[in-house]
$ cat entry29.cif   # mmCIF, C-alpha atoms
data_upload
loop_
_atom_site.label_atom_id
_atom_site.label_comp_id
_atom_site.auth_asym_id
_atom_site.auth_seq_id
_atom_site.Cartn_x
_atom_site.Cartn_y
_atom_site.Cartn_z
CA MET Z 1 34.93 -43.50 7.32
CA GLU Z 2 34.83 -39.72 7.34
CA ILE Z 3 33.16 -38.22 10.34
CA VAL Z 4 31.12 -35.13 9.53
CA THR Z 5 30.96 -32.68 12.40
CA MET Z 6 27.85 -30.57 12.47
CA THR Z 7 28.46 -27.00 13.53
CA THR Z 8 25.76 -25.87 15.83
CA ARG Z 9 24.85 -22.41 17.01
CA ILE Z 10 22.44 -20.91 19.44
CA LEU Z 11 19.80 -18.55 18.09
CA LYS Z 12 18.15 -16.08 20.42
CA PHE Z 13 14.53 -15.22 19.77
CA ASN Z 14 12.23 -12.59 21.17
CA ILE Z 15 8.76 -13.76 20.23
CA TYR Z 16 5.33 -12.16 20.50
CA ARG Z 17 3.16 -14.38 22.64
CA TYR Z 18 -0.56 -14.12 23.13
CA ASP Z 19 -3.06 -16.81 23.90
CA PRO Z 20 -6.43 -15.12 24.50
CA ASP Z 21 -7.61 -18.12 26.58
CA VAL Z 22 -4.74 -17.72 29.04
CA ASP Z 23 -3.10 -14.28 28.71
CA ARG Z 24 -4.68 -11.01 29.72
CA LYS Z 25 -2.47 -9.16 27.26
CA PRO Z 26 0.29 -9.96 24.78
CA TYR Z 27 3.93 -10.12 25.91
CA MET Z 28 7.34 -10.74 24.33
CA GLN Z 29 9.13 -13.95 25.31
CA ASP Z 30 12.89 -14.54 25.13
CA ILE Z 31 13.76 -18.05 24.07
CA GLU Z 32 16.85 -19.74 22.65
CA VAL Z 33 17.17 -22.69 20.33
CA GLU Z 34 20.11 -24.68 19.03
CA VAL Z 35 20.30 -25.07 15.28
CA ASP Z 36 22.78 -27.01 13.16
CA ALA Z 37 24.13 -26.70 9.63
CA THR Z 38 21.12 -28.49 8.17
CA ASP Z 39 18.82 -25.77 9.45
CA ARG Z 40 18.88 -23.26 6.63
CA LYS Z 41 15.79 -21.15 7.03
CA LEU Z 42 14.05 -19.36 9.86
CA LEU Z 43 11.19 -21.84 9.61
CA ASP Z 44 13.63 -24.69 10.43
CA ALA Z 45 14.56 -22.87 13.61
CA LEU Z 46 10.90 -22.25 14.42
CA VAL Z 47 10.11 -25.93 14.00
CA LYS Z 48 12.90 -26.71 16.50
CA LEU Z 49 11.53 -24.02 18.75
CA LYS Z 50 8.12 -25.63 18.56
CA ALA Z 51 9.69 -28.97 19.57
CA LYS Z 52 11.19 -27.22 22.59
CA ASP Z 53 8.03 -25.32 23.55
CA ASP Z 54 4.94 -26.68 21.86
CA SER Z 55 2.76 -23.81 23.10
CA ILE Z 56 4.24 -21.50 20.45
CA ALA Z 57 1.79 -21.19 17.57
CA PHE Z 58 2.56 -20.27 13.96
CA ARG Z 59 1.27 -21.30 10.55
CA ARG Z 60 3.36 -23.20 8.05
CA SER Z 61 2.76 -25.68 5.28
CA CYS Z 62 4.87 -26.07 2.16
CA ARG Z 63 8.12 -24.69 3.68
CA GLU Z 64 9.29 -23.46 0.30
CA GLY Z 65 7.66 -20.09 -0.32
CA VAL Z 66 4.68 -21.33 -2.28
CA CYS Z 67 1.78 -21.59 0.15
CA GLY Z 68 2.30 -18.23 1.87
CA SER Z 69 1.28 -19.57 5.28
CA ASP Z 70 4.23 -18.48 7.40
CA GLY Z 71 4.12 -14.74 6.81
CA MET Z 72 5.28 -12.89 9.91
CA ASN Z 73 7.09 -9.78 10.99
CA ILE Z 74 10.78 -10.66 11.21
CA ASN Z 75 12.98 -8.04 12.88
CA GLY Z 76 10.47 -5.37 11.91
CA THR Z 77 10.01 -6.41 8.29
CA ASN Z 78 7.28 -8.66 6.96
CA GLY Z 79 8.47 -11.84 5.27
CA LEU Z 80 8.09 -15.59 5.00
CA ALA Z 81 9.89 -17.63 7.64
CA CYS Z 82 10.57 -20.38 5.10
CA LEU Z 83 12.45 -17.96 2.81
CA ALA Z 84 14.38 -16.09 5.51
CA ASP Z 85 17.95 -17.41 5.39
CA LEU Z 86 19.37 -18.04 8.87
CA ASN Z 87 22.81 -16.97 7.65
CA THR Z 88 21.53 -13.45 7.08
CA PHE Z 89 20.87 -13.00 10.80
CA PRO Z 90 23.95 -11.68 12.61
CA ASP Z 91 25.45 -14.10 15.16
CA GLY Z 92 24.39 -13.44 18.71
CA LYS Z 93 21.77 -10.89 17.78
CA THR Z 94 18.24 -11.58 18.95
CA ILE Z 95 15.69 -12.28 16.22
CA VAL Z 96 12.44 -10.48 16.99
CA LEU Z 97 9.30 -12.18 15.67
CA ARG Z 98 5.87 -10.62 15.72
CA PRO Z 99 2.62 -11.44 13.91
CA LEU Z 100 1.84 -9.60 10.69
CA PRO Z 101 0.85 -6.08 11.75
CA GLY Z 102 -2.63 -4.65 11.33
CA LEU Z 103 -4.62 -7.88 11.53
CA PRO Z 104 -6.25 -9.27 14.68
CA VAL Z 105 -4.09 -11.85 16.45
CA ILE Z 106 -5.66 -15.25 16.95
CA ARG Z 107 -2.71 -16.61 18.88
CA ASP Z 108 1.05 -15.86 18.98
CA LEU Z 109 2.18 -15.46 15.35
CA ILE Z 110 -1.17 -16.46 13.84
CA VAL Z 111 -3.38 -13.64 12.59
CA ASP Z 112 -6.99 -13.57 11.47
CA MET Z 113 -6.84 -13.03 7.70
CA THR Z 114 -10.61 -12.71 7.18
CA GLN Z 115 -10.43 -9.00 6.32
CA PHE Z 116 -7.53 -9.58 3.93
CA PHE Z 117 -9.44 -12.26 2.04
CA LYS Z 118 -12.65 -10.21 2.05
CA GLN Z 119 -10.81 -7.53 0.12
CA TYR Z 120 -9.29 -10.12 -2.18
CA HIS Z 121 -12.71 -11.59 -2.96
CA SER Z 122 -14.17 -8.11 -3.51
CA ILE Z 123 -12.19 -7.74 -6.73
CA LYS Z 124 -13.72 -10.95 -8.14
CA PRO Z 125 -10.48 -12.87 -8.56
CA TYR Z 126 -11.62 -15.05 -11.41
CA LEU Z 127 -11.95 -14.75 -15.15
CA ILE Z 128 -15.28 -13.31 -16.31
CA ASN Z 129 -16.07 -14.30 -19.87
CA ASN Z 130 -19.61 -14.78 -21.11
CA ASP Z 131 -18.71 -16.21 -24.50
CA PRO Z 132 -19.56 -19.88 -25.06
CA LEU Z 133 -16.82 -22.15 -23.84
CA PRO Z 134 -14.34 -22.95 -26.63
CA GLU Z 135 -13.64 -26.52 -27.53
CA ARG Z 136 -10.15 -26.46 -26.09
CA GLU Z 137 -9.02 -23.20 -24.45
CA ARG Z 138 -9.18 -19.41 -24.70
CA LEU Z 139 -6.06 -18.40 -26.56
CA GLN Z 140 -3.75 -15.46 -25.95
CA SER Z 141 -0.82 -14.15 -27.94
CA PRO Z 142 2.62 -14.44 -26.28
CA GLU Z 143 2.57 -10.65 -25.75
CA GLU Z 144 -0.83 -10.79 -24.06
CA ARG Z 145 0.37 -13.61 -21.83
CA GLU Z 146 3.55 -11.68 -21.04
CA GLU Z 147 1.48 -8.93 -19.39
CA LEU Z 148 0.38 -11.40 -16.71
CA ASN Z 149 3.94 -12.05 -15.57
CA GLY Z 150 4.60 -10.47 -12.20
CA LEU Z 151 0.90 -10.62 -11.40
CA TYR Z 152 -0.23 -14.23 -11.26
CA GLU Z 153 2.64 -15.31 -8.99
CA CYS Z 154 1.12 -13.74 -5.88
CA ILE Z 155 0.75 -16.37 -3.13
CA LEU Z 156 -1.55 -14.25 -0.91
CA CYS Z 157 0.77 -14.36 2.08
CA ALA Z 158 -0.46 -10.86 3.09
CA CYS Z 159 3.06 -9.59 3.74
CA CYS Z 160 2.42 -6.61 1.42
CA SER Z 161 -1.03 -5.58 2.62
CA THR Z 162 -0.04 -5.81 6.28
CA ALA Z 163 3.03 -3.64 5.59
CA CYS Z 164 0.82 -0.93 4.12
CA PRO Z 165 -0.18 1.85 6.57
CA THR Z 166 -3.27 2.61 4.50
CA PHE Z 167 -4.41 -0.98 4.97
CA TRP Z 168 -3.81 -0.61 8.72
CA TRP Z 169 -6.04 2.49 8.90
CA ASN Z 170 -8.78 1.40 6.47
CA PRO Z 171 -8.66 -2.39 6.08
CA ASP Z 172 -12.40 -2.51 5.53
CA LYS Z 173 -12.37 0.01 2.65
CA PHE Z 174 -8.94 -0.07 1.01
CA VAL Z 175 -8.45 -3.18 -1.13
CA GLY Z 176 -4.75 -3.35 -0.28
CA PRO Z 177 -1.76 -4.11 -2.47
CA ALA Z 178 -2.39 -7.86 -2.74
CA GLY Z 179 -5.99 -7.35 -3.80
CA LEU Z 180 -5.10 -4.61 -6.24
CA LEU Z 181 -2.32 -6.70 -7.78
CA ALA Z 182 -4.88 -9.46 -8.28
CA ALA Z 183 -7.36 -6.93 -9.66
CA TYR Z 184 -4.89 -5.83 -12.31
CA ARG Z 185 -4.08 -9.48 -13.04
CA PHE Z 186 -7.67 -9.83 -14.32
CA ILE Z 187 -7.95 -6.34 -15.81
CA ALA Z 188 -4.82 -7.09 -17.84
CA ASP Z 189 -6.08 -10.48 -18.94
CA THR Z 190 -7.30 -10.24 -22.54
CA ARG Z 191 -9.60 -13.21 -21.97
CA ASP Z 192 -11.55 -11.29 -19.33
CA GLN Z 193 -14.61 -9.32 -20.46
CA ALA Z 194 -15.38 -7.37 -17.28
CA THR Z 195 -12.70 -4.68 -17.55
CA ASN Z 196 -15.13 -1.78 -17.22
CA GLU Z 197 -16.93 -3.30 -14.26
CA ARG Z 198 -13.60 -4.01 -12.59
CA LEU Z 199 -12.46 -0.42 -13.10
CA ASP Z 200 -15.83 0.88 -11.85
CA ASN Z 201 -15.45 -1.29 -8.78
CA LEU Z 202 -12.15 0.40 -7.93
CA GLU Z 203 -12.97 3.99 -8.88
CA ASP Z 204 -13.49 5.12 -5.36
CA PRO Z 205 -11.49 7.37 -3.06
CA TYR Z 206 -10.95 4.45 -0.68
CA ARG Z 207 -10.71 1.20 -2.62
CA LEU Z 208 -7.83 2.14 -4.92
CA PHE Z 209 -6.96 5.77 -4.39
CA ARG Z 210 -5.95 5.40 -0.72
CA CYS Z 211 -2.65 4.08 -2.10
CA HIS Z 212 -0.07 6.83 -1.53
CA THR Z 213 2.69 4.97 -3.40
CA ILE Z 214 4.97 4.55 -0.40
CA MET Z 215 5.95 1.15 -1.81
CA ASN Z 216 6.24 -0.80 1.44
CA CYS Z 217 4.48 -3.57 -0.46
CA VAL Z 218 7.25 -3.77 -3.04
CA GLU Z 219 9.93 -3.79 -0.37
CA VAL Z 220 8.49 -6.75 1.55
CA CYS Z 221 7.02 -8.97 -1.19
CA PRO Z 222 8.76 -12.35 -0.76
CA LYS Z 223 8.07 -13.17 -4.41
CA GLY Z 224 9.65 -9.95 -5.70
CA LEU Z 225 6.36 -8.65 -7.15
CA ASN Z 226 5.48 -5.00 -7.62
CA PRO Z 227 1.91 -4.15 -6.53
CA THR Z 228 2.66 -0.41 -6.80
CA LYS Z 229 3.36 -0.81 -10.51
CA ALA Z 230 0.10 -2.72 -10.97
CA ILE Z 231 -1.78 -0.01 -9.05
CA GLY Z 232 -0.18 2.60 -11.32
CA LYS Z 233 -1.33 0.65 -14.38
CA ILE Z 234 -4.91 0.53 -13.07
CA LYS Z 235 -4.85 4.32 -12.57
CA ASP Z 236 -3.40 4.68 -16.05
CA MET Z 237 -6.24 2.61 -17.52
CA MET Z 238 -8.81 4.69 -15.64
CA VAL Z 239 -7.33 7.88 -17.05
CA ARG Z 240 -7.24 6.44 -20.58
CA ARG Z 241 -10.88 5.46 -20.17
CA ILE Z 242 -12.02 9.05 -19.63
CA ILE Z 243 -9.88 10.91 -22.17
CA MET I 1 -28.52 2.68 11.64
CA VAL I 2 -26.93 -0.50 10.38
CA ASN I 3 -23.17 -0.06 10.17
CA ARG I 4 -22.55 -1.00 6.55
CA LYS I 5 -19.16 -0.32 4.99
CA LEU I 6 -19.91 2.21 2.29
CA VAL I 7 -17.61 2.62 -0.69
CA GLY I 8 -18.29 3.48 -4.31
CA ALA I 9 -18.19 7.29 -4.39
CA HIS I 10 -16.95 7.70 -7.92
CA TYR I 11 -14.65 10.66 -7.46
CA GLY I 12 -11.39 8.89 -6.70
CA LEU I 13 -9.94 9.22 -10.19
CA LEU I 14 -10.98 12.84 -10.68
CA ASP I 15 -9.36 13.96 -7.43
CA TRP I 16 -6.21 11.96 -8.11
CA LEU I 17 -5.97 13.52 -11.58
CA ILE I 18 -6.65 17.04 -10.31
CA GLN I 19 -3.95 16.69 -7.68
CA ARG I 20 -1.43 15.81 -10.37
CA ILE I 21 -2.52 18.59 -12.73
CA THR I 22 -2.49 21.23 -9.98
CA GLY I 23 0.93 19.94 -8.94
CA VAL I 24 2.21 20.58 -12.47
CA VAL I 25 0.75 24.12 -12.46
CA MET I 26 2.48 24.90 -9.16
CA ALA I 27 5.74 23.41 -10.45
CA VAL I 28 5.56 25.63 -13.56
CA PHE I 29 4.90 28.68 -11.37
CA THR I 30 7.87 27.81 -9.16
CA VAL I 31 10.16 27.43 -12.19
CA VAL I 32 8.99 30.76 -13.67
CA VAL I 33 9.52 32.61 -10.38
CA GLY I 34 12.83 30.82 -9.88
CA PHE I 35 14.08 31.94 -13.30
CA ALA I 36 12.89 35.49 -12.64
CA LEU I 37 14.66 35.60 -9.29
CA SER I 38 17.87 34.27 -10.80
CA ASP I 39 17.54 37.07 -13.37
CA GLY I 40 17.60 39.65 -10.58
CA VAL I 41 13.88 40.44 -10.44
CA GLY I 42 14.06 40.42 -6.66
CA SER I 43 16.83 43.03 -6.53
CA SER I 44 14.43 45.91 -5.95
CA TYR I 45 10.81 46.36 -4.97
CA GLU I 46 10.06 48.22 -8.21
CA ARG I 47 11.33 45.38 -10.40
CA TRP I 48 9.53 42.78 -8.32
CA HIS I 49 6.30 44.82 -8.41
CA ALA I 50 6.54 45.29 -12.17
CA PHE I 51 7.18 41.58 -12.67
CA MET I 52 4.30 40.42 -10.51
CA SER I 53 1.86 43.04 -11.93
CA SER I 54 2.39 41.96 -15.51
CA THR I 55 -0.64 40.29 -17.09
CA PRO I 56 1.04 36.89 -17.70
CA MET I 57 2.23 36.77 -14.08
CA ARG I 58 -1.19 37.75 -12.76
CA PHE I 59 -2.66 34.98 -14.86
CA ILE I 60 -0.21 32.32 -13.75
CA SER I 61 -0.29 33.51 -10.11
CA PHE I 62 -4.06 33.24 -10.06
CA LEU I 63 -3.85 29.76 -11.58
CA CYS I 64 -1.25 28.84 -8.98
CA ILE I 65 -3.44 30.05 -6.11
CA ILE I 66 -6.43 28.09 -7.40
CA SER I 67 -4.21 25.03 -7.89
CA LEU I 68 -2.69 25.36 -4.44
CA CYS I 69 -6.12 25.58 -2.81
CA TRP I 70 -7.50 22.64 -4.75
CA HIS I 71 -4.33 20.59 -4.16
CA ALA I 72 -4.39 21.43 -0.44
CA TRP I 73 -8.06 20.51 -0.12
CA ILE I 74 -7.54 17.07 -1.66
CA GLY I 75 -4.32 16.46 0.28
CA VAL I 76 -5.71 17.49 3.66
CA ARG I 77 -8.98 15.63 3.03
CA ASP I 78 -6.90 12.54 2.19
CA THR I 79 -5.23 12.83 5.57
CA TRP I 80 -8.59 13.00 7.36
CA MET I 81 -9.79 10.02 5.31
CA ASP I 82 -6.71 8.05 6.33
CA TYR I 83 -6.61 8.74 10.03
CA VAL I 84 -10.06 9.88 11.21
CA GLN I 85 -12.72 7.20 11.44
CA PRO I 86 -15.87 8.69 13.11
CA ALA I 87 -18.03 10.14 10.31
CA GLY I 88 -19.16 13.18 12.33
CA ILE I 89 -15.64 14.30 13.22
CA LYS I 90 -14.50 13.61 9.67
CA LEU I 91 -17.29 15.74 8.19
CA THR I 92 -16.53 18.57 10.63
CA LEU I 93 -12.85 18.48 9.67
CA HIS I 94 -13.78 18.45 5.98
CA VAL I 95 -15.97 21.52 6.42
CA LEU I 96 -13.28 23.35 8.42
CA THR I 97 -10.71 22.49 5.76
CA VAL I 98 -12.94 23.77 2.94
CA LEU I 99 -13.61 27.01 4.82
CA SER I 100 -9.90 27.51 5.59
CA VAL I 101 -8.91 26.85 2.00
CA ILE I 102 -11.58 29.24 0.66
CA GLY I 103 -10.48 31.88 3.18
CA CYS I 104 -6.80 31.52 2.30
CA GLY I 105 -7.59 31.48 -1.44
CA GLY I 106 -9.71 34.64 -1.17
CA TRP I 107 -7.04 36.36 0.85
CA ALA I 108 -4.36 35.42 -1.69
CA VAL I 109 -6.48 36.72 -4.59
CA GLN I 110 -7.08 39.95 -2.67
CA ILE I 111 -3.32 40.39 -2.21
CA LEU I 112 -2.74 39.63 -5.88
CA TRP I 113 -5.41 42.10 -7.05
CA LYS I 114 -3.91 44.85 -4.95
CA LEU I 115 -0.68 44.67 -6.91
#
$ encode --input "entry29.cif" --output "structure tokens"
Amino acid sequence: MEIVTMTTRILKFNIYRYDPDVDRKPYMQDIEVEVDATDRKLLDALVKLKAKDDSIAFRRSCREGVCGSDGMNINGTNGLACLADLNTFPDGKTIVLRPLPGLPVIRDLIVDMTQFFKQYHSIKPYLINNDPLPERERLQSPEEREELNGLYECILCACCSTACPTFWWNPDKFVGPAGLLAAYRFIADTRDQATNERLDNLEDPYRLFRCHTIMNCVEVCPKGLNPTKAIGKIKDMMVRRII
Amino acid sequence: MVNRKLVGAHYGLLDWLIQRITGVVMAVFTVVVGFALSDGVGSSYERWHAFMSSTPMRFISFLCIISLCWHAWIGVRDTWMDYVQPAGIKLTLHVLTVLSVIGCGGWAVQILWKL
């Protein structure tokens, strides 16, 4: 019988810790964990870390980049722990984990996403169509459906919005890249009848036009989406509406 | 007063558009002056004076000054909107910016008219 030897390695972490019930202020904790060849993603290592020290708190659910729960700041860049390949971290180098920036910390790597979802809800993220319901479904041409690609895939992990300095400064007024991507998803949808209202809702110096096109959102999106392009298309539609 | 988050001032698009248009005007001015300089217009005061006093240059220079002022106002106001939160301080900064821009614009026009 062939004996399979598992290669193990030690990963060093420097993790943001804060438990408001216990700690007066946040601190960074150094901690090491042993991972083996079956541990492929950062989330695997975090799960092992949790087994070693169960006081460490982080969100996770699907572990395959669909639920968007485990968004965090990994070595200074926002991303999903379940999609971050452990092989991409240099051997021996400490992995620094912090909560998503710009949102209040509930505990350790868990942030309060209320503000993020408030902005998301403010764009009415649902189809508005006052026509009587069709017998089967509202049809679109393949070209019309094509326009929704790159928009509907957003998993609302908040990596983009919390990488955006404008969202840090004005989270209560600026919709943020995730919300604006979703806004364009419905503006672009030919089955939606509230295009004008949606554009009116965004025609404000804060809600849309705080975006300075620095494209942090594009750089960090774990799904490879492009909120900046969607924001540009909304601006384009607003211009076409007035000329 | 109840601290409600107020948004909905419908001038976002207009300002965004104006900033782009004024940017184009300033770019055109820069290209024109660049071409003139490469043609040796800056070789003597007389040539430079003649070039800048011509009617087309006065026209485009005036447009450029207006564009610069407008562009600067929107850009600087954007910065205050980004980083300054208290409404009173923000309004004061806005007023100071408007006054500075008007002052600089007037001064520039005065210089241009003296040509």
$ atom_distance --input "entry29.cif" --atom1 "atom CA of Z:Ile187" --atom2 "atom CA of Z:Lys235"
11.6 Å
$ residues_near_point --input "entry29.cif" --point "(4.7, 35.8, -12.5)" --cutoff "9 Å" --atoms "all atoms listed in the file" --output "PDB file with C-alpha atoms, keeping the file's coordinate frame"
ATOM      1  CA  PHE I  29       4.900  28.680 -11.370  1.00  0.00           C
ATOM      2  CA  VAL I  32       8.990  30.760 -13.670  1.00  0.00           C
ATOM      3  CA  VAL I  33       9.520  32.610 -10.380  1.00  0.00           C
ATOM      4  CA  ALA I  36      12.890  35.490 -12.640  1.00  0.00           C
ATOM      5  CA  PHE I  51       7.180  41.580 -12.670  1.00  0.00           C
ATOM      6  CA  MET I  52       4.300  40.420 -10.510  1.00  0.00           C
ATOM      7  CA  SER I  53       1.860  43.040 -11.930  1.00  0.00           C
ATOM      8  CA  SER I  54       2.390  41.960 -15.510  1.00  0.00           C
ATOM      9  CA  THR I  55      -0.640  40.290 -17.090  1.00  0.00           C
ATOM     10  CA  PRO I  56       1.040  36.890 -17.700  1.00  0.00           C
ATOM     11  CA  MET I  57       2.230  36.770 -14.080  1.00  0.00           C
ATOM     12  CA  ARG I  58      -1.190  37.750 -12.760  1.00  0.00           C
ATOM     13  CA  PHE I  59      -2.660  34.980 -14.860  1.00  0.00           C
ATOM     14  CA  ILE I  60      -0.210  32.320 -13.750  1.00  0.00           C
ATOM     15  CA  SER I  61      -0.290  33.510 -10.110  1.00  0.00           C
TER      16      SER I  61
END
$ closest_residue --input "entry29.cif" --among "Z:Met72, Z:Leu133, Z:Met237, Z:Val22" --to "chain I" --atoms "only C-alpha atoms"
Z:Met237
$ interface_residues --input "entry29.cif" --of "chain I" --to "chain Z" --cutoff "10 Å" --atoms "all atoms listed in the file" --output "list of chain:residue names"
I:Lys5, I:Leu6, I:Val7, I:Gly8, I:Ala9, I:His10, I:Tyr11, I:Gly12, I:Leu13, I:Leu14, I:Asp15, I:Trp16, I:Leu17, I:Asp78, I:Thr79, I:Met81, I:Asp82, I:Tyr83, I:Val84, I:Gln85
$ atom_distance --input "entry29.cif" --atom1 "atom CA of Z:Asn87" --atom2 "atom CA of Z:Thr7"
12.9 Å
$ resolve_selection --input "entry29.cif" --expression "the PyMOL selection byres ((chain Z and resi 48) around 12)" --output "list in words"
Ile10, Leu11, Ile31, Glu32, Val33, Glu34, Val35, Asp36, Thr38, Asp39, Lys41, Leu42, Leu43, Asp44, Ala45, Leu46, Val47, Leu49, Lys50, Ala51, Lys52, Asp53, Asp54 and Ile56 of chain Z
$ residues_around --input "entry29.cif" --residues "Z:Ala230" --least-positions-apart "5" --cutoff "12 Å" --atoms "only C-alpha atoms" --output "ChimeraX atom specification"
/Z:147-152,176-188,208,211,213,215,217-218,225,235-237
$ write_last_selection --input "entry29.cif" --atoms "C-alpha atoms" --output "PDB file, keeping the file's coordinate frame"
ATOM      1  CA  GLU Z 147       1.480  -8.930 -19.390  1.00  0.00           C
ATOM      2  CA  LEU Z 148       0.380 -11.400 -16.710  1.00  0.00           C
ATOM      3  CA  ASN Z 149       3.940 -12.050 -15.570  1.00  0.00           C
ATOM      4  CA  GLY Z 150       4.600 -10.470 -12.200  1.00  0.00           C
ATOM      5  CA  LEU Z 151       0.900 -10.620 -11.400  1.00  0.00           C
ATOM      6  CA  TYR Z 152      -0.230 -14.230 -11.260  1.00  0.00           C
ATOM      7  CA  GLY Z 176      -4.750  -3.350  -0.280  1.00  0.00           C
ATOM      8  CA  PRO Z 177      -1.760  -4.110  -2.470  1.00  0.00           C
ATOM      9  CA  ALA Z 178      -2.390  -7.860  -2.740  1.00  0.00           C
ATOM     10  CA  GLY Z 179      -5.990  -7.350  -3.800  1.00  0.00           C
ATOM     11  CA  LEU Z 180      -5.100  -4.610  -6.240  1.00  0.00           C
ATOM     12  CA  LEU Z 181      -2.320  -6.700  -7.780  1.00  0.00           C
ATOM     13  CA  ALA Z 182      -4.880  -9.460  -8.280  1.00  0.00           C
ATOM     14  CA  ALA Z 183      -7.360  -6.930  -9.660  1.00  0.00           C
ATOM     15  CA  TYR Z 184      -4.890  -5.830 -12.310  1.00  0.00           C
ATOM     16  CA  ARG Z 185      -4.080  -9.480 -13.040  1.00  0.00           C
ATOM     17  CA  PHE Z 186      -7.670  -9.830 -14.320  1.00  0.00           C
ATOM     18  CA  ILE Z 187      -7.950  -6.340 -15.810  1.00  0.00           C
ATOM     19  CA  ALA Z 188      -4.820  -7.090 -17.840  1.00  0.00           C
ATOM     20  CA  LEU Z 208      -7.830   2.140  -4.920  1.00  0.00           C
ATOM     21  CA  CYS Z 211      -2.650   4.080  -2.100  1.00  0.00           C
ATOM     22  CA  THR Z 213       2.690   4.970  -3.400  1.00  0.00           C
ATOM     23  CA  MET Z 215       5.950   1.150  -1.810  1.00  0.00           C
ATOM     24  CA  CYS Z 217       4.480  -3.570  -0.460  1.00  0.00           C
ATOM     25  CA  VAL Z 218       7.250  -3.770  -3.040  1.00  0.00           C
ATOM     26  CA  LEU Z 225       6.360  -8.650  -7.150  1.00  0.00           C
ATOM     27  CA  LYS Z 235      -4.850   4.320 -12.570  1.00  0.00           C
ATOM     28  CA  ASP Z 236      -3.400   4.680 -16.050  1.00  0.00           C
ATOM     29  CA  MET Z 237      -6.240   2.610 -17.520  1.00  0.00           C
TER      30      MET Z 237
END
$ residues_around --input "entry29.cif" --residues "Z:Gln115" --least-positions-apart "2" --cutoff "9 Å" --atoms "all atoms listed in the file" --output "ChimeraX atom specification"
/Z:103,112-113,117-120,171-172
$ closest_residue --input "entry29.cif" --among "Z:Leu80, Z:Glu146, Z:Asn129, Z:Phe116" --to "Z:Pro104" --atoms "all atoms listed in the file"
Z:Phe116
$ atom_distance --input "entry29.cif" --atom1 "atom CA of I:Lys114" --atom2 "atom CA of I:Ile65"
14.9 Å
$ axis_aligned_box --input "entry29.cif" --around "stretch 68-78 of chain I" --padding-each-side "5 Å" --output "lines of an AutoDock Vina configuration file"
center_x = -5.8
center_y = 19.1
center_z = -0.5
size_x = 16.3
size_y = 23.0
size_z = 18.4
$ resolve_selection --input "entry29.cif" --expression "the PyMOL selection byres ((chain I and resi 94-106) around 12)" --output "compact mmCIF listing (two decimals) with C-alpha atoms, keeping the file's coordinate frame"
# COMPACT_ATOMS: atom_id res chain seq x y z
CA SER I 61 -0.29 33.51 -10.11
CA PHE I 62 -4.06 33.24 -10.06
CA LEU I 63 -3.85 29.76 -11.58
CA CYS I 64 -1.25 28.84 -8.98
CA ILE I 65 -3.44 30.05 -6.11
CA ILE I 66 -6.43 28.09 -7.40
CA SER I 67 -4.21 25.03 -7.89
CA LEU I 68 -2.69 25.36 -4.44
CA CYS I 69 -6.12 25.58 -2.81
CA TRP I 70 -7.50 22.64 -4.75
CA HIS I 71 -4.33 20.59 -4.16
CA ALA I 72 -4.39 21.43 -0.44
CA TRP I 73 -8.06 20.51 -0.12
CA ILE I 74 -7.54 17.07 -1.66
CA GLY I 75 -4.32 16.46 0.28
CA VAL I 76 -5.71 17.49 3.66
CA ARG I 77 -8.98 15.63 3.03
CA ASP I 78 -6.90 12.54 2.19
CA THR I 79 -5.23 12.83 5.57
CA TRP I 80 -8.59 13.00 7.36
CA MET I 81 -9.79 10.02 5.31
CA VAL I 84 -10.06 9.88 11.21
CA ALA I 87 -18.03 10.14 10.31
CA GLY I 88 -19.16 13.18 12.33
CA ILE I 89 -15.64 14.30 13.22
CA LYS I 90 -14.50 13.61 9.67
CA LEU I 91 -17.29 15.74 8.19
CA THR I 92 -16.53 18.57 10.63
CA LEU I 93 -12.85 18.48 9.67
CA TRP I 107 -7.04 36.36 0.85
CA ALA I 108 -4.36 35.42 -1.69
CA VAL I 109 -6.48 36.72 -4.59
CA GLN I 110 -7.08 39.95 -2.67
CA ILE I 111 -3.32 40.39 -2.21
CA LEU I 112 -2.74 39.63 -5.88
CA TRP I 113 -5.41 42.10 -7.05
$ residues_around --input "entry29.cif" --residues "Z:Tyr16" --least-positions-apart "6" --cutoff "10 Å" --atoms "all atoms listed in the file" --output "list in words"
Pro26, Tyr27, Met28, Gln29, Asp30, Ile56, Asn73, Val96, Leu97, Arg98, Pro99, Arg107, Asp108 and Leu109 of chain Z
$ write_last_selection --input "entry29.cif" --atoms "C-alpha atoms" --output "mmCIF file, in the coordinates of the input"
data_model
loop_
_atom_site.group_PDB
_atom_site.id
_atom_site.type_symbol
_atom_site.label_atom_id
_atom_site.label_comp_id
_atom_site.auth_asym_id
_atom_site.auth_seq_id
_atom_site.Cartn_x
_atom_site.Cartn_y
_atom_site.Cartn_z
ATOM 1 C CA PRO Z 26 0.290 -9.960 24.780
ATOM 2 C CA TYR Z 27 3.930 -10.120 25.910
ATOM 3 C CA MET Z 28 7.340 -10.740 24.330
ATOM 4 C CA GLN Z 29 9.130 -13.950 25.310
ATOM 5 C CA ASP Z 30 12.890 -14.540 25.130
ATOM 6 C CA ILE Z 56 4.240 -21.500 20.450
ATOM 7 C CA ASN Z 73 7.090 -9.780 10.990
ATOM 8 C CA VAL Z 96 12.440 -10.480 16.990
ATOM 9 C CA LEU Z 97 9.300 -12.180 15.670
ATOM 10 C CA ARG Z 98 5.870 -10.620 15.720
ATOM 11 C CA PRO Z 99 2.620 -11.440 13.910
ATOM 12 C CA ARG Z 107 -2.710 -16.610 18.880
ATOM 13 C CA ASP Z 108 1.050 -15.860 18.980
ATOM 14 C CA LEU Z 109 2.180 -15.460 15.350
#
